[in-house]
Amino acid sequence: MAGVRSKKKIFLTLAGLMVLAVGGAGFYLGYFDEDDINRVSRKAYYEGKGALNDAERALNAGSSAKGDYGAAAKCRQNLKKIETAKRSVAGRDGQAVGYVSKGDLIKAMGSGMPKCPAGGIYTINPLNSMPKCSVGSAGAGDPKDDHFVNNF
Ligand SMILES: [Zn+2]
């Protein structure tokens with residue numbers, strides 16, 4: 001009798017270990033796949049780097065745009081163009097607040113999203129809020145080199 005009982009115990013122990021092993025492997029493969037972790041962290045790394053590069057470019061753009069009236073005028077034109085497209089998409093869809101879809105916006109502008117000639121980054125902003133260029137007011141108090149439109 002004692003022999004059968006200990007055999008049963010061994011069997012149960014083995015079964016328990018199997019369950020742990022299979023479960024562990026599944027857990028490992030499902031949730032801690034090394035490739036996935038690498039891919040996710042690489043993606044986060046490059047996205048972070050991309051955002052930094054954008055920010056750096058925007059900063060440089062700000063300092064080099066000072067006194068560049070031509071670029072500023074073109075940029076203000078772009079901002080008005082984006083705002084006009086926002087309003088036309090919103091009007092068509094009967095939307096009064098919030099963000100319009102970027103795809104609809106680009107379609108409405110026809111020639112794609114305009115770019116600031118001084119390298120500034122555009123923020124589209126929701127309805128009732130003008131789009132902005134990261135260069136903003138490039139110089140000190142000279143409205144001719146401003147990269148923003150307050151009212152339009
Ligand atoms: Zn600009």
# chains A, B, ... in the order shown; residues from 1 in each chain; ligands from 1
call {"tool": "residues_near_ligand", "arguments": {"ligand": "ligand 1", "cutoff": "6 Å", "atoms": "only C-alpha atoms and all ligand atoms", "output": "PyMOL selection string"}}
result
chain A and resi 75+116+118+120+133+135+147
call {"tool": "residues_around", "arguments": {"residues": "Ser88 in chain A", "least_positions_apart": "6", "cutoff": "10 Å", "atoms": "only C-alpha atoms", "output": "MDAnalysis selection string"}}
result
chainID A and resid 82 94:95 100 104:105 108:109
call {"tool": "write_last_selection", "arguments": {"atoms": "C-alpha atoms", "output": "PDB file, in the first residue's frame"}}
result
ATOM      1  CA  ILE A  82      -4.206  75.007 -42.679  1.00  0.00           C
ATOM      2  CA  GLY A  94     -21.034  69.938 -39.338  1.00  0.00           C
ATOM      3  CA  GLN A  95     -18.308  69.748 -36.701  1.00  0.00           C
ATOM      4  CA  VAL A 100     -10.643  67.417 -37.636  1.00  0.00           C
ATOM      5  CA  ASP A 104      -9.386  65.000 -44.340  1.00  0.00           C
ATOM      6  CA  LEU A 105      -7.301  68.093 -43.718  1.00  0.00           C
ATOM      7  CA  ALA A 108      -8.804  69.528 -48.342  1.00  0.00           C
ATOM      8  CA  MET A 109      -5.463  71.266 -48.917  1.00  0.00           C
TER       9      MET A 109
END
call {"tool": "atom_distance", "arguments": {"atom1": "CA of Pro131 in chain A", "atom2": "CA of Ala85 in chain A"}}
result
10.9 Å
call {"tool": "residues_around", "arguments": {"residues": "Leu79 in chain A", "least_positions_apart": "3", "cutoff": "12 Å", "atoms": "only C-alpha atoms", "output": "count of residues only"}}
result
36
call {"tool": "closest_residue", "arguments": {"among": "A:Asn128, A:Gly119, A:Gly48, A:Ala21", "to": "Ala65 in chain A", "atoms": "only C-alpha atoms"}}
result
A:Gly119
